[in-house]
>>> print(open('query.tsv').read())   # TSV, C-alpha atoms and all ligand atoms
chain	number	residue	atom	x	y	z
A	1	MET	CA	0.00	0.00	0.00
A	2	LYS	CA	1.28	3.40	-0.94
A	3	VAL	CA	2.00	5.97	1.70
A	4	GLN	CA	-0.69	8.20	0.26
A	5	GLN	CA	-3.27	5.39	0.52
A	6	ILE	CA	-2.28	4.65	4.09
A	7	GLY	CA	-2.57	8.35	4.84
A	8	GLN	CA	-6.01	8.50	3.29
A	9	LYS	CA	-7.17	5.39	5.12
A	10	PHE	CA	-5.93	6.78	8.39
A	11	TYR	CA	-7.62	10.08	7.65
A	12	LEU	CA	-10.97	8.39	6.91
A	13	ARG	CA	-10.75	6.29	10.06
A	14	LYS	CA	-9.82	9.32	12.12
A	15	ASN	CA	-12.68	11.24	10.56
A	16	ASN	CA	-15.21	8.50	11.40
A	17	MET	CA	-13.93	8.43	14.94
A	18	ILE	CA	-14.32	12.18	15.28
A	19	SER	CA	-17.86	12.01	13.84
A	20	GLU	CA	-18.82	9.32	16.34
A	21	ASN	CA	-17.35	11.32	19.21
A	22	ILE	CA	-19.34	14.34	18.08
A	23	GLU	CA	-22.56	12.29	18.07
A	24	LEU	CA	-21.78	11.03	21.56
A	25	LYS	CA	-20.96	14.53	22.83
A	26	ALA	CA	-24.30	15.88	21.57
A	27	GLU	CA	-26.16	12.92	23.15
A	28	GLU	CA	-24.32	13.46	26.42
A	29	ILE	CA	-25.37	17.12	26.56
A	30	LEU	CA	-29.03	16.26	25.88
A	31	ASN	CA	-28.92	13.53	28.54
A	32	ASN	CA	-27.22	15.72	31.13
A	33	LEU	CA	-29.77	18.47	30.66
A	34	ASN	CA	-32.57	15.92	30.52
A	35	ILE	CA	-33.86	17.26	27.22
A	36	LYS	CA	-36.13	14.83	25.46
A	37	ASN	CA	-38.65	17.00	23.65
A	38	ILE	CA	-38.64	17.62	19.92
A	39	PRO	CA	-38.04	20.22	18.51
A	40	ILE	CA	-34.90	20.53	20.60
A	41	PRO	CA	-35.16	23.74	22.66
A	42	ILE	CA	-31.80	25.04	21.51
A	43	GLU	CA	-31.99	28.38	23.34
A	44	GLU	CA	-32.90	26.60	26.55
A	45	ILE	CA	-29.73	24.54	26.20
A	46	ALA	CA	-27.65	27.71	25.84
A	47	THR	CA	-29.42	29.38	28.78
A	48	LYS	CA	-28.96	26.33	31.00
A	49	MET	CA	-25.26	26.45	30.22
A	50	GLN	CA	-25.17	30.18	30.99
A	51	ILE	CA	-24.30	31.12	27.46
A	52	LYS	CA	-25.71	34.45	26.39
A	53	ILE	CA	-27.43	34.77	23.03
A	54	SER	CA	-27.53	38.11	21.31
A	55	ARG	CA	-29.39	38.85	18.08
A	56	ALA	CA	-28.68	41.56	15.55
A	57	PRO	CA	-29.26	41.99	11.83
A	58	SER	CA	-26.22	41.57	9.62
A	59	LYS	CA	-25.35	41.39	5.96
A	60	GLU	CA	-22.03	39.79	6.77
A	61	PHE	CA	-22.35	36.93	9.20
A	62	SER	CA	-24.70	34.15	10.25
A	63	GLY	CA	-23.25	33.69	13.70
A	64	LEU	CA	-20.33	34.17	15.97
A	65	LEU	CA	-18.96	32.88	19.22
A	66	ILE	CA	-16.91	34.87	21.67
A	67	ARG	CA	-15.37	33.32	24.74
A	68	LYS	CA	-13.85	35.57	27.33
A	69	ASP	CA	-12.97	35.19	31.03
A	70	GLY	CA	-14.93	31.95	31.30
A	71	ARG	CA	-18.08	33.48	29.79
A	72	SER	CA	-19.48	32.83	26.35
A	73	LEU	CA	-21.59	34.85	23.97
A	74	ILE	CA	-23.26	33.63	20.81
A	75	GLY	CA	-24.25	36.23	18.24
A	76	VAL	CA	-27.01	35.35	15.79
A	77	ASN	CA	-28.08	37.14	12.63
A	78	SER	CA	-31.73	38.05	13.21
A	79	ASP	CA	-32.27	38.63	9.46
A	80	GLU	CA	-32.04	34.94	8.71
A	81	ALA	CA	-34.87	32.38	8.83
A	82	LEU	CA	-35.68	30.97	12.26
A	83	VAL	CA	-34.59	27.46	11.30
A	84	ARG	CA	-31.29	28.93	10.18
A	85	GLN	CA	-30.91	30.82	13.48
A	86	ARG	CA	-31.50	27.60	15.39
A	87	PHE	CA	-28.82	25.85	13.37
A	88	THR	CA	-26.43	28.76	13.89
A	89	ILE	CA	-26.83	28.56	17.68
A	90	ALA	CA	-26.22	24.82	17.58
A	91	HIS	CA	-23.20	25.32	15.30
A	92	GLU	CA	-21.67	27.88	17.67
A	93	LEU	CA	-22.28	25.52	20.59
A	94	GLY	CA	-20.31	23.02	18.54
A	95	HIS	CA	-17.33	25.37	18.40
A	96	LEU	CA	-17.71	25.97	22.12
A	97	PHE	CA	-17.57	22.29	23.07
A	98	LEU	CA	-15.28	20.93	20.37
A	99	HIS	CA	-12.72	23.69	19.89
A	100	PRO	CA	-11.64	24.98	23.30
A	101	ALA	CA	-8.32	26.37	22.08
A	102	LYS	CA	-9.84	29.21	20.11
A	103	ASP	CA	-11.72	32.09	21.70
A	104	ALA	CA	-13.53	33.64	18.75
A	105	PHE	CA	-15.31	32.25	15.71
A	106	VAL	CA	-17.05	34.23	13.03
A	107	ASP	CA	-19.26	32.36	10.58
A	108	TYR	CA	-19.95	34.32	7.44
A	109	ARG	CA	-23.16	34.02	5.46
A	110	ASN	CA	-23.54	31.64	2.53
A	111	ASN	CA	-20.67	29.53	3.83
A	112	LYS	CA	-18.23	32.17	2.67
A	113	ASN	CA	-15.00	31.07	4.26
A	114	GLU	CA	-12.36	33.69	4.73
A	115	THR	CA	-9.37	31.46	5.26
A	116	HIS	CA	-9.73	28.27	3.21
A	117	ASP	CA	-7.17	26.48	5.31
A	118	PHE	CA	-7.63	22.81	6.06
A	119	ASP	CA	-7.79	23.12	9.84
A	120	SER	CA	-10.50	25.81	9.74
A	121	ASP	CA	-12.51	23.84	7.20
A	122	GLN	CA	-12.38	20.79	9.45
A	123	LYS	CA	-13.55	22.83	12.42
A	124	GLU	CA	-16.51	24.14	10.41
A	125	LYS	CA	-17.48	20.62	9.32
A	126	GLN	CA	-17.22	19.40	12.90
A	127	ALA	CA	-19.38	22.26	14.19
A	128	ASN	CA	-21.99	21.47	11.51
A	129	ARG	CA	-21.93	17.82	12.41
A	130	PHE	CA	-22.41	18.71	16.07
A	131	ALA	CA	-25.30	21.06	15.22
A	132	ALA	CA	-27.01	18.30	13.23
A	133	ALA	CA	-26.46	15.77	16.02
A	134	LEU	CA	-27.86	18.15	18.62
A	135	LEU	CA	-30.92	19.35	16.69
A	136	MET	CA	-31.66	16.00	15.05
A	137	PRO	CA	-30.66	13.37	17.63
A	138	ARG	CA	-29.66	10.15	15.89
A	139	LYS	CA	-31.93	7.85	17.90
A	140	ASN	CA	-35.01	10.02	17.38
A	141	ILE	CA	-34.39	10.47	13.67
A	142	ILE	CA	-33.85	6.77	13.02
A	143	LYS	CA	-36.97	5.86	14.99
A	144	ASP	CA	-39.10	8.50	13.26
A	145	TYR	CA	-37.77	7.65	9.84
A	146	LYS	CA	-38.49	3.96	10.26
A	147	SER	CA	-42.02	4.56	11.40
A	148	LEU	CA	-42.80	7.12	8.66
A	149	SER	CA	-41.23	5.12	5.85
A	150	LYS	CA	-44.04	2.60	6.09
A	151	ASN	CA	-46.45	5.09	4.53
A	152	LEU	CA	-44.48	7.95	3.01
A	153	ILE	CA	-41.91	8.46	0.31
A	154	GLU	CA	-38.46	9.98	0.95
A	155	ASP	CA	-39.32	13.58	0.08
A	156	GLU	CA	-42.48	13.58	2.20
A	157	ILE	CA	-40.58	12.20	5.18
A	158	CYS	CA	-37.90	14.83	4.79
A	159	ILE	CA	-40.43	17.69	4.69
A	160	LEU	CA	-42.40	16.33	7.63
A	161	LEU	CA	-39.31	15.73	9.76
A	162	SER	CA	-37.81	19.12	8.94
A	163	LYS	CA	-40.99	20.73	10.32
A	164	ARG	CA	-41.07	18.47	13.36
A	165	TYR	CA	-37.43	19.18	14.26
A	166	GLU	CA	-37.53	22.85	13.17
A	167	VAL	CA	-34.60	22.61	10.81
A	168	SER	CA	-34.32	23.44	7.12
A	169	GLU	CA	-35.23	20.77	4.58
A	170	ASP	CA	-31.64	20.83	3.36
A	171	ALA	CA	-30.30	20.21	6.85
A	172	MET	CA	-32.73	17.30	7.31
A	173	LYS	CA	-31.89	15.84	3.92
A	174	TYR	CA	-28.19	15.98	4.72
A	175	ARG	CA	-28.76	14.42	8.13
A	176	LEU	CA	-30.82	11.54	6.73
A	177	LYS	CA	-28.18	10.88	4.11
A	178	ASN	CA	-25.44	11.05	6.71
A	179	LEU	CA	-27.21	8.49	8.88
A	180	GLY	CA	-27.46	6.19	5.86
A	181	LEU	CA	-31.26	6.46	5.75
A	182	GLN	CA	-31.89	7.83	2.28
A	183	PHE	CA	-30.97	10.24	-0.50
A	184	SER	CA	-28.16	8.66	-2.43
A	185	VAL	CA	-27.49	11.97	-4.22
A	201	ZN	ZN	-18.26	27.91	12.46
>>> encode(input="query.tsv", output="structure tokens", more="lines below")
Ligand SMILES: [Zn+2]
Amino acid sequence: MKVQQIGQKFYLRKNNMISENIELKAEEILNNLNIKNIPIPIEEIATKMQIKISRAPSKEFSGLLIRKDGRSLIGVNSDEALVRQRFTIAHELGHLFLHPAKDAFVDYRNNKNETHDFDSDQKEKQANRFAAALLMPRKNIIKDYKSLSKNLIEDEICILLSKRYEVSEDAMKYRLKNLGLQFSV
């Protein structure tokens, strides 16, 4: 096996491990806070963890996280759709729990990434994965999907679940695909 292949294999395995750890971290937070209701009360999670949420309109960013002197603030763009704001809060919580070494994150709109460096890209993917795991808990989604798939087709399930979990249809579609449930696109 070539070095490059070994590297790639290691990278994939490492990536799977990180994804699984992210799932477990999100589940741990929901368990610790005893949150079982759907849609996930994302602001309640932040409040319970004493994280302040501040909303303001912006043309530039979707969200940001600032950590200072043991306190954390999440900024959310109030111009964006509510489902998007929910995802932004969950994404910033992801940075908070997964990336303790950095004290400030700014997430620009339309996934515009200022840096394009590998490490930052990975951090963004991890925060998105965490947000999906928190807002669409794996166990709930799998259970719901299985029960709905008896009577509905893929697209109908996706629309229904996106409403139930208060996430965008795109986010739900991506989550279902990621959990190996559907959408082979
Ligand atoms: Zn981010």
>>> residues_near_ligand(input="query.tsv", ligand="ligand ZN 201 (chain A)", cutoff="10 Å", atoms="all atoms listed in the file", output="PyMOL selection string")
chain A and resi 62-65+88+90-96+104-108+111+113+120-128
>>> residues_around(input="query.tsv", residues="Leu82 (chain A)", least_positions_apart="4", cutoff="12 Å", atoms="only C-alpha atoms", output="list of chain:residue names")
A:Ile42, A:Glu43, A:Arg55, A:Ser62, A:Val76, A:Asn77, A:Ser78, A:Arg86, A:Phe87, A:Thr88, A:Ile89, A:Lys163, A:Glu166, A:Val167, A:Ser168
>>> atom_distance(input="query.tsv", atom1="CA of Met49 (chain A)", atom2="CA of Ser72 (chain A)")
9.4 Å
>>> atom_distance(input="query.tsv", atom1="CA of Asn15 (chain A)", atom2="CA of Leu134 (chain A)")
18.5 Å
>>> atom_distance(input="query.tsv", atom1="CA of Pro41 (chain A)", atom2="CA of Pro137 (chain A)")
12.4 Å
>>> closest_residue(input="query.tsv", among="A:Met17, A:Ile38, A:Ala81, A:Ile22", to="Leu98 (chain A)", atoms="only C-alpha atoms")
A:Ile22
>>> closest_residue(input="query.tsv", among="A:Ile53, A:Leu152, A:Ala46, A:Cys158", to="Phe97 (chain A)", atoms="all atoms listed in the file")
A:Ala46
>>> axis_aligned_box(input="query.tsv", around="region 59-63 of chain A", padding_each_side="5 Å", output="lines of an AutoDock Vina configuration file")
center_x = -23.7
center_y = 37.5
center_z = 9.8
size_x = 13.3
size_y = 17.7
size_z = 17.7
>>> residues_near_point(input="query.tsv", point="(-30.6, 17.6, 5.1)", cutoff="12 Å", atoms="all atoms listed in the file", output="PyMOL selection string")
chain A and resi 87+128-129+131-133+135-136+141+154-155+157-159+161-162+165-185
>>> residues_around(input="query.tsv", residues="Asn31 (chain A)", least_positions_apart="5", cutoff="12 Å", atoms="only C-alpha atoms", output="NGL selection string")
:A and (24-26 or 36-37 or 45 or 134 or 137)
>>> closest_residue(input="query.tsv", among="A:Asn34, A:Ile66, A:Tyr11, A:Leu73", to="Thr47 (chain A)", atoms="only C-alpha atoms")
A:Leu73
>>> closest_residue(input="query.tsv", among="A:Ile35, A:Ala101, A:Ile51, A:Ile29", to="Arg71 (chain A)", atoms="only C-alpha atoms")
A:Ile51
